[in-house]
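Participant: If it helps, the file is called input33.txt and holds compact mmCIF, C-alpha atoms:
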```txt
# COMPACT_ATOMS: atom_id res chain seq x y z
CA MET A 1492 -20.70 -20.74 -17.37
CA SER A 1493 -23.02 -17.74 -17.46
CA LYS A 1494 -23.73 -15.68 -20.55
CA ALA A 1495 -21.43 -12.92 -19.28
CA ASP A 1496 -18.63 -15.47 -18.69
CA HIS A 1497 -18.98 -16.82 -22.22
CA MET A 1498 -18.95 -13.32 -23.72
CA LEU A 1499 -15.86 -12.36 -21.73
CA SER A 1500 -14.14 -15.61 -22.76
CA ILE A 1501 -14.86 -14.85 -26.42
CA LEU A 1502 -13.33 -11.39 -26.05
CA TRP A 1503 -10.16 -12.74 -24.45
CA MET A 1504 -9.81 -15.40 -27.14
CA LEU A 1505 -10.27 -12.85 -29.92
CA LYS A 1506 -7.80 -10.56 -28.19
CA GLN A 1507 -5.17 -13.27 -28.67
CA ARG A 1508 -5.83 -13.91 -32.39
CA ARG A 1509 -8.48 -14.31 -35.11
CA ARG A 1510 -10.77 -17.31 -34.60
CA THR A 1511 -13.67 -18.94 -36.44
CA ALA A 1512 -17.07 -19.56 -34.87
CA ARG A 1513 -16.34 -23.29 -34.84
CA GLU A 1514 -13.02 -22.79 -33.03
CA LEU A 1515 -14.73 -20.65 -30.39
CA ALA A 1516 -17.53 -23.19 -30.00
CA GLU A 1517 -15.13 -26.12 -29.58
CA GLN A 1518 -13.01 -24.36 -26.99
CA LEU A 1519 -16.02 -23.18 -24.97
CA GLU A 1520 -17.87 -26.48 -25.50
CA ILE A 1521 -21.05 -24.78 -26.71
CA SER A 1522 -22.90 -24.74 -30.04
CA VAL A 1523 -21.93 -22.60 -33.02
CA ARG A 1524 -25.43 -21.08 -32.85
CA SER A 1525 -24.69 -19.89 -29.31
CA ILE A 1526 -21.45 -18.32 -30.53
CA TYR A 1527 -23.42 -16.35 -33.13
CA ARG A 1528 -25.82 -15.12 -30.43
CA TYR A 1529 -22.96 -14.01 -28.16
CA ILE A 1530 -21.18 -12.28 -31.05
CA ASP A 1531 -24.41 -10.42 -31.89
CA ALA A 1532 -24.82 -9.41 -28.22
CA LEU A 1533 -21.25 -8.12 -28.05
CA CYS A 1534 -21.70 -6.09 -31.24
CA ALA A 1535 -24.97 -4.67 -29.89
CA SER A 1536 -23.16 -3.53 -26.74
CA GLY A 1537 -20.61 -1.60 -28.80
CA VAL A 1538 -17.73 -4.06 -29.17
CA PRO A 1539 -16.29 -3.56 -32.69
CA ILE A 1540 -15.90 -7.22 -33.71
CA ILE A 1541 -14.66 -7.67 -37.28
CA ALA A 1542 -16.20 -10.55 -39.28
CA ASP A 1543 -14.26 -11.72 -42.35
CA ALA A 1544 -15.85 -14.24 -44.69
CA GLY A 1545 -14.14 -16.82 -46.89
CA ALA A 1546 -11.01 -18.92 -46.48
CA GLY A 1547 -8.86 -17.70 -43.63
CA GLY A 1548 -11.73 -15.62 -42.32
CA GLY A 1549 -13.28 -15.53 -38.88
CA TYR A 1550 -13.78 -13.06 -36.07
CA SER A 1551 -11.18 -10.59 -34.79
CA LEU A 1552 -10.83 -7.34 -32.87
CA PRO A 1553 -9.32 -4.10 -34.18
CA GLU A 1554 -5.81 -3.40 -32.90
CA HIS A 1555 -6.80 -0.37 -30.80
CA PHE A 1556 -9.45 -2.39 -28.93
CA THR A 1557 -6.93 -4.87 -27.56
CA GLU A 1558 -5.60 -2.09 -25.31
CA SER A 1559 -8.97 -1.16 -23.82
CA PRO A 1560 -10.01 -2.16 -20.28
CA LEU A 1561 -12.90 -4.63 -20.30
CA PHE A 1562 -16.06 -4.78 -18.19
CA PHE A 1563 -15.27 -2.38 -15.34
CA ASP A 1564 -18.53 -1.58 -13.57
CA SER A 1565 -19.20 1.84 -12.02
CA GLU A 1566 -17.86 0.86 -8.58
CA GLU A 1567 -14.65 -0.53 -10.08
CA GLN A 1568 -14.17 2.64 -12.15
CA ARG A 1569 -14.70 4.80 -9.07
CA ALA A 1570 -12.25 2.72 -7.04
CA LEU A 1571 -9.55 3.04 -9.71
CA VAL A 1572 -9.72 6.84 -10.03
CA GLN A 1573 -9.85 7.30 -6.26
CA ALA A 1574 -6.90 4.93 -5.72
CA SER A 1575 -5.04 7.11 -8.21
CA ALA A 1576 -5.78 10.16 -6.05
CA PHE A 1577 -4.35 8.42 -2.98
CA ALA A 1578 -1.15 7.41 -4.79
CA ARG A 1579 -0.25 10.95 -5.89
CA GLY A 1580 2.14 12.77 -3.59
CA THR A 1581 3.38 9.66 -1.83
CA GLY A 1582 6.37 9.17 -4.11
CA TYR A 1583 4.67 6.17 -5.74
CA PRO A 1584 7.02 5.33 -8.63
CA TYR A 1585 4.44 4.46 -11.29
CA VAL A 1586 2.26 7.57 -11.36
CA GLU A 1587 2.80 8.01 -15.11
CA ALA A 1588 1.64 4.44 -15.77
CA LEU A 1589 -1.32 5.10 -13.49
CA ASP A 1590 -2.17 8.20 -15.53
CA ARG A 1591 -2.07 6.15 -18.72
CA ALA A 1592 -4.35 3.53 -17.21
CA ILE A 1593 -6.90 6.13 -16.11
CA ALA A 1594 -6.70 7.85 -19.52
CA LYS A 1595 -7.29 4.49 -21.23
CA LEU A 1596 -10.23 3.81 -18.94
CA LYS A 1597 -11.81 7.14 -19.85
CA ARG A 1598 -11.01 6.77 -23.54
CA TYR A 1599 -13.18 3.66 -23.78
CA SER A 1600 -15.98 4.95 -21.56
CA ASN A 1601 -19.08 6.83 -22.61
CA ILE A 1602 -19.89 10.41 -21.57
CA SER A 1603 -22.08 9.33 -18.66
CA GLN A 1604 -19.37 7.01 -17.29
CA ILE A 1605 -16.69 9.70 -17.61
CA GLU A 1606 -18.84 12.24 -15.76
CA HIS A 1607 -19.48 9.65 -13.03
CA MET A 1608 -15.75 8.95 -12.64
CA GLU A 1609 -14.77 12.62 -12.58
CA ARG A 1610 -17.36 13.45 -9.92
CA HIS A 1611 -15.96 10.76 -7.65
CA GLU A 1612 -12.35 11.49 -8.63
CA ASN A 1613 -12.73 15.10 -7.46
CA GLY A 1614 -14.50 14.07 -4.28
CA ILE A 1615 -11.46 12.51 -2.56
CA GLU A 1616 -8.04 14.04 -2.05
CA ALA A 1617 -5.11 13.26 0.22
CA LEU A 1618 -2.58 15.51 1.95
CA TYR A 1619 1.05 14.45 2.20
CA SER A 1620 4.04 16.20 3.69
CA PRO A 1621 6.46 17.51 1.04
CA SER A 1622 9.44 15.21 0.69
CA VAL A 1623 12.51 14.67 -1.44
CA PRO A 1624 11.57 13.08 -4.83
CA LEU A 1625 12.14 9.36 -4.39
CA GLU A 1626 10.45 7.85 -7.44
CA HIS A 1627 13.67 6.51 -8.99
CA LEU A 1628 14.76 4.85 -5.74
CA LEU A 1629 11.31 3.45 -4.98
CA GLY A 1630 11.02 2.08 -8.50
CA GLU A 1631 14.35 0.28 -8.24
CA LEU A 1632 13.53 -1.11 -4.78
CA GLU A 1633 10.13 -2.35 -5.94
CA LEU A 1634 11.68 -4.09 -8.95
CA ALA A 1635 14.38 -5.62 -6.76
CA ALA A 1636 11.80 -6.95 -4.28
CA ALA A 1637 9.66 -8.40 -7.09
CA ASN A 1638 12.53 -9.96 -9.07
CA GLY A 1639 15.02 -10.83 -6.33
CA TYR A 1640 17.82 -8.39 -7.29
CA ILE A 1641 20.60 -7.93 -4.74
CA LEU A 1642 21.45 -4.22 -4.54
CA GLU A 1643 24.48 -2.25 -3.44
CA MET A 1644 23.26 0.72 -1.41
CA GLU A 1645 24.93 3.97 -0.37
CA TYR A 1646 23.24 4.87 2.92
CA ARG A 1647 23.44 7.92 5.17
CA LYS A 1648 23.00 7.39 8.89
CA GLY A 1649 20.76 9.57 11.04
CA ASN A 1650 23.44 12.22 11.60
CA GLY A 1651 23.50 12.85 7.85
CA GLU A 1652 27.30 12.78 7.75
CA THR A 1653 28.38 9.12 7.81
CA VAL A 1654 27.78 7.29 4.52
CA SER A 1655 28.27 3.55 4.26
CA SER A 1656 28.07 1.08 1.41
CA ARG A 1657 26.28 -2.20 2.00
CA PHE A 1658 24.57 -5.00 0.08
CA ILE A 1659 20.88 -5.63 0.69
CA ASP A 1660 18.14 -8.04 -0.38
CA PRO A 1661 15.02 -5.82 -0.51
CA TYR A 1662 11.94 -7.71 0.72
CA GLY A 1663 9.37 -4.92 0.40
CA LEU A 1664 8.41 -1.27 0.80
CA VAL A 1665 6.27 0.33 3.50
CA LEU A 1666 4.85 3.86 3.67
CA TRP A 1667 4.58 4.92 7.32
CA LYS A 1668 3.83 8.41 8.67
CA GLY A 1669 4.81 10.04 5.38
CA GLN A 1670 8.15 8.20 5.11
CA TRP A 1671 9.05 5.30 2.82
CA TYR A 1672 10.99 2.39 4.32
CA THR A 1673 12.43 -0.70 2.71
CA VAL A 1674 12.72 -3.87 4.78
CA ALA A 1675 15.73 -5.83 3.60
CA TYR A 1676 18.28 -8.43 4.56
CA CYS A 1677 21.53 -6.59 5.26
CA HIS A 1678 24.59 -8.61 4.24
CA GLN A 1679 26.83 -6.52 6.48
CA ARG A 1680 24.76 -7.06 9.65
CA GLN A 1681 23.57 -10.50 8.52
CA GLU A 1682 20.03 -9.74 9.66
CA ILE A 1683 16.79 -8.21 8.43
CA ARG A 1684 16.63 -4.46 8.96
CA SER A 1685 14.58 -1.45 7.87
CA PHE A 1686 16.09 1.51 5.97
CA ARG A 1687 14.61 4.92 5.24
CA VAL A 1688 14.56 5.48 1.50
CA ASP A 1689 15.21 9.24 1.80
CA ARG A 1690 18.60 8.43 3.35
CA MET A 1691 19.75 6.43 0.32
CA ASN A 1692 22.27 8.19 -1.91
CA GLY A 1693 22.12 5.57 -4.63
CA LEU A 1694 21.34 1.98 -5.60
CA LEU A 1695 23.20 -0.34 -7.96
CA ARG A 1696 22.25 -3.83 -9.12
CA THR A 1697 24.98 -6.37 -8.41
CA GLY A 1698 23.95 -8.92 -11.03
CA THR A 1699 23.23 -11.52 -8.37
CA SER A 1700 19.87 -12.55 -6.95
CA PHE A 1701 18.16 -13.76 -3.77
CA ASN A 1702 15.04 -15.69 -2.82
CA ARG A 1703 12.47 -13.72 -0.85
CA PRO A 1704 11.16 -15.54 2.28
CA VAL A 1705 7.77 -17.11 1.68
CA ASP A 1706 4.83 -15.08 3.10
CA PHE A 1707 7.16 -12.39 4.46
CA SER A 1708 5.37 -9.11 5.31
CA ALA A 1709 7.46 -5.95 5.34
CA ARG A 1710 4.60 -4.16 7.07
CA ASP A 1711 4.44 -6.69 9.92
CA TYR A 1712 8.21 -6.60 10.37
CA LEU A 1713 8.28 -2.80 10.58
CA LEU A 1714 5.41 -2.78 13.07
CA GLU A 1715 7.12 -5.35 15.26
CA SER A 1716 10.33 -3.31 15.22
CA LEU A 1717 8.34 -0.28 16.40
CA LEU A 1718 6.91 -2.29 19.29
CA PRO A 1719 10.02 -3.78 20.95
CA GLY A 1720 9.49 -6.33 23.68
CA GLN A 1721 5.78 -6.90 22.99
CA ASP A 1722 6.39 -10.65 22.76
CA LYS A 1723 7.90 -10.75 26.29
CA GLN A 1724 5.20 -10.42 28.93
CA GLU A 1725 7.73 -9.64 31.67
CA ASN A 1726 8.70 -6.41 29.88
CA LEU A 1727 5.13 -5.14 29.59
CA VAL A 1728 3.65 -2.48 31.88
CA THR A 1729 -0.07 -2.09 32.46
CA VAL A 1730 -1.29 1.40 31.51
CA VAL A 1731 -4.77 2.62 32.45
CA ILE A 1732 -5.99 5.91 30.99
CA LYS A 1733 -9.27 7.63 31.82
CA SER A 1734 -10.91 10.14 29.47
CA GLY A 1735 -13.92 10.85 27.26
CA GLU A 1736 -14.84 8.47 24.48
CA GLU A 1737 -13.64 10.77 21.67
CA VAL A 1738 -10.21 11.19 23.26
CA LEU A 1739 -9.92 7.45 23.89
CA ASN A 1740 -10.94 6.72 20.28
CA ASP A 1741 -8.20 9.06 19.06
CA LEU A 1742 -5.68 7.51 21.43
CA CYS A 1743 -6.56 3.97 20.31
CA SER A 1744 -6.06 4.95 16.66
CA HIS A 1745 -2.37 5.67 17.34
CA TRP A 1746 0.07 3.03 16.13
CA LEU A 1747 1.53 2.35 19.60
CA PHE A 1748 -1.59 2.42 21.76
CA GLY A 1749 -3.81 0.89 19.11
CA HIS A 1750 -1.63 -2.22 18.91
CA THR A 1751 -1.20 -2.55 22.68
CA LEU A 1752 -4.86 -2.17 23.69
CA VAL A 1753 -5.97 -4.95 26.05
CA GLN A 1754 -9.38 -3.80 27.25
CA ARG A 1755 -11.74 -0.93 26.52
CA LEU A 1756 -14.28 0.07 29.18
CA GLU A 1757 -16.64 3.03 29.43
CA GLY A 1758 -14.39 6.03 30.01
CA GLN A 1759 -11.25 3.89 30.33
CA ALA A 1760 -8.71 2.07 28.19
CA HIS A 1761 -6.20 -0.53 29.40
CA PHE A 1762 -2.93 -1.15 27.55
CA LYS A 1763 0.13 -3.38 27.88
CA VAL A 1764 3.20 -1.41 26.72
CA ASP A 1765 6.86 -2.32 26.88
CA ALA A 1766 8.79 -0.21 29.38
CA SER A 1767 11.27 1.28 26.90
CA SER A 1768 8.54 2.78 24.71
CA LEU A 1769 6.38 3.76 27.68
CA TYR A 1770 8.95 5.98 29.38
CA THR A 1771 10.72 7.38 26.32
CA TYR A 1772 8.27 7.86 23.47
CA ALA A 1773 4.79 7.68 25.04
CA PRO A 1774 5.05 10.73 27.37
CA TYR A 1775 5.75 13.07 24.44
CA PHE A 1776 2.72 11.71 22.62
CA LEU A 1777 0.44 12.02 25.67
CA LEU A 1778 1.50 15.53 26.78
CA PRO A 1779 -0.37 17.41 23.98
CA TYR A 1780 -3.64 15.99 25.33
CA GLY A 1781 -3.16 18.22 28.38
CA LYS A 1782 -5.75 17.78 31.13
CA VAL A 1783 -8.38 15.99 29.04
CA LEU A 1784 -6.98 12.60 30.02
CA HIS A 1785 -5.92 11.12 33.35
CA ILE A 1786 -3.32 8.40 33.81
CA LEU A 1787 -4.53 6.04 36.53
CA GLU A 1788 -1.64 3.58 36.16
CA PRO A 1789 1.34 3.39 36.43
CA LEU A 1790 2.55 6.06 38.81
CA ALA A 1791 5.98 6.00 37.15
CA LEU A 1792 4.45 7.24 33.88
CA LYS A 1793 2.78 10.18 35.66
CA GLN A 1794 6.07 11.04 37.33
CA ARG A 1795 7.92 10.84 34.02
CA MET A 1796 5.42 13.18 32.35
CA ALA A 1797 5.61 15.61 35.26
CA ALA A 1798 9.42 15.68 34.97
CA ILE A 1799 9.27 16.34 31.22
CA ALA A 1800 6.68 19.09 31.71
CA ALA A 1801 8.88 20.71 34.40
CA GLU A 1802 11.91 20.60 32.09
CA LEU A 1803 9.90 22.28 29.34
CA ALA A 1804 8.64 24.96 31.72
CA THR A 1805 12.20 25.70 32.87
CA HIS A 1806 13.41 25.80 29.28
CA TYR A 1807 10.86 28.41 28.22
CA GLN A 1808 11.22 30.50 31.37
CA THR A 1809 14.96 30.98 30.90
```
Using the file provided, produce a representation of the structure as structure tokens.

Facilitator:
Amino acid sequence: MSKADHMLSILWMLKQRRRTARELAEQLEISVRSIYRYIDALCASGVPIIADAGAGGGYSLPEHFTESPLFFDSEEQRALVQASAFARGTGYPYVEALDRAIAKLKRYSNISQIEHMERHENGIEALYSPSVPLEHLLGELELAAANGYILEMEYRKGNGETVSSRFIDPYGLVLWKGQWYTVAYCHQRQEIRSFRVDRMNGLLRTGTSFNRPVDFSARDYLLESLLPGQDKQENLVTVVIKSGEEVLNDLCSHWLFGHTLVQRLEGQAHFKVDASSLYTYAPYFLLPYGKVLHILEPLALKQRMAAIAAELATHYQT
């Protein structure tokens, strides 16, 4: 073990309870003299180690120090405060705990470290669309996913009128395009489904539990549900789009086209998209690009976009 590893080990051991130099030496398998050197180095770096002599004595840490974060370097401190900035506004259910963690980090940092953190904290911000407060629902869903709680859910369908009660096993939460989704096993449908959290009227623990599938990814499930038919080659249509590099870069960053990209050439991008998405959703995404892109294949997609554009023109002319 390195010197830093030994010093950190001593701190964690003293955080648990008071220990003598001999106890520390035996557990770390080093000499008592080395323990004295490491204790001196820790004290010199500002760690307030208490040394009590006599019977029942030894080394200990003051109570307040056991709550302090240990050995975060400048990059780790910066990452923590910037991650906090990203979490705000998303509905993340533990913002108050995050605030306490950041406050604790700053409380046990020196002036130079605090100034460094605040400079980087103010340098990154995120914009989120206003939404209904969901912290209480997200908190309950996160706890249920972590601990295997089966929940009874009151859920509103897309029309906003029909409300149904169903039992779910929440497997995880996903934030996508400003909306929170939970992926869960639905007892009523007897299959895994995704539910928008803002459509939930309430959640109630049933007192029963479930076992979450090993290595299940809520993110991967939601993505696969957004890309129907991608696993069936016979349902895929080749799409070839010609445009400038900046437009193609923007197009390939989209969730649908980015995950269906097959080949990227100079001035062209080739995709394999399932027919249902291609002729229903894709035209409305491509239309705002106007004349800066050209669809080379398939002809049916060009015809579909022309029909939609004609319908829009008629709508606004009448």

Participant: Restricting the calculation to all atoms listed in the file, which member of A:Leu1695, A:Ser1522, A:Arg1510, A:Val1654 is positioned closest to A:Ala1546?

Facilitator: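 Smallest separation from A:Ala1546 among the options: A:Arg1510.
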
Participant: How many Å lie between atom CA of A:Val1705 and atom CA of A:His1678, rounded to one decimal?

Facilitator: 19.0 Å

Participant: Pick from A:Ala1709, A:Val1688, A:Leu1596, A:Leu1752: nearest to A:Ala1636, with all atoms listed in the file counted?

Facilitator: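 The shortest atom-to-atom distance to A:Ala1636 comes from A:Ala1709.
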
Participant: Under the rule of at most 12 Å, produce a per-residue listing of stretch 1757-1794 of chain A near stretch 1746-1749 of chain A: chain, number, name, the closest pair of atoms, and the distance in Å, as a Markdown table, using all atoms listed in the file.

Facilitator:
```
| residue | atom | partner | partner_atom | distance |
| --- | --- | --- | --- | --- |
| A:Ala1760 | CA | A:Phe1748 | CA | 9.6 |
| A:His1761 | CA | A:Phe1748 | CA | 9.4 |
| A:Phe1762 | CA | A:Phe1748 | CA | 6.9 |
| A:Lys1763 | CA | A:Phe1748 | CA | 8.6 |
| A:Val1764 | CA | A:Phe1748 | CA | 7.9 |
| A:Asp1765 | CA | A:Leu1747 | CA | 10.2 |
| A:Ser1768 | CA | A:Leu1747 | CA | 8.7 |
| A:Leu1769 | CA | A:Leu1747 | CA | 9.5 |
| A:Tyr1772 | CA | A:Leu1747 | CA | 9.5 |
| A:Ala1773 | CA | A:Leu1747 | CA | 8.3 |
| A:Pro1774 | CA | A:Leu1747 | CA | 12.0 |
| A:Phe1776 | CA | A:Leu1747 | CA | 9.9 |
| A:Leu1777 | CA | A:Phe1748 | CA | 10.6 |
```

Participant: Would you please work out which residue, of A:Leu1792, A:Phe1577, A:Gly1548, A:Glu1643, is nearest to A:Asn1613 when using only C-alpha atoms?

Facilitator: A:Phe1577

Participant: Quote the spacing between atom CA of A:Phe1707 and atom CA of A:Gly1663 in Å to one decimal place.

Facilitator: 8.8 Å

Participant: Would you be able to write out as a ChimeraX atom specification which residues have an atom within 12 Å of (8.7, 7.0, 3.4) in the file's coordinates, counting all atoms listed in the file?

Facilitator: /A:1580-1583,1619-1626,1628-1629,1664-1674,1685-1691

Participant: Between atom CA of A:Leu1694 and atom CA of A:Leu1632, what is the spacing in Å?

Facilitator: 8.4 Å

Participant: When you count all atoms listed in the file, which of these residues is closest to A:Ile1615: A:Ser1575, A:Ser1551, A:Ser1767, A:Ser1734?

Facilitator: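 Closest to A:Ile1615 of all the choices is A:Ser1575.
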
Participant: So that I can see what lies close to A:Ile1540, please list as a ChimeraX atom specification the residues with an atom at most 7 Å from it, counting only C-alpha atoms and leaving out residues fewer than 6 positions away in the same chain.

Facilitator: /A:1534,1550-1552

Participant: At a cut-off of 8 Å from (-15.0, 2.6, -29.0) in the coordinates of the file, what residues are picked up using all atoms listed in the file, written as a list in words?

Facilitator: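 Counting all atoms listed in the file, I find these residues within 8 Å of (-15.0, 2.6, -29.0): Gly1537, Val1538, Pro1539, Phe1556, Arg1598, Tyr1599 and Ser1600 of chain A.
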
Participant: Which residue, A:Ile1641, A:Ala1544, A:Ile1602, A:Met1608, has the smallest gap to A:Ser1565 when you use all atoms listed in the file?

Facilitator: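 Nearest candidate to A:Ser1565 out of A:Ile1641, A:Ala1544, A:Ile1602, A:Met1608: A:Met1608.
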
Participant: Tell me which of A:His1745, A:Lys1782, A:Lys1494, A:Arg1509 sits closest to A:Leu1533, counting all atoms listed in the file.

Facilitator: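 The closest residue to A:Leu1533 is A:Lys1494.
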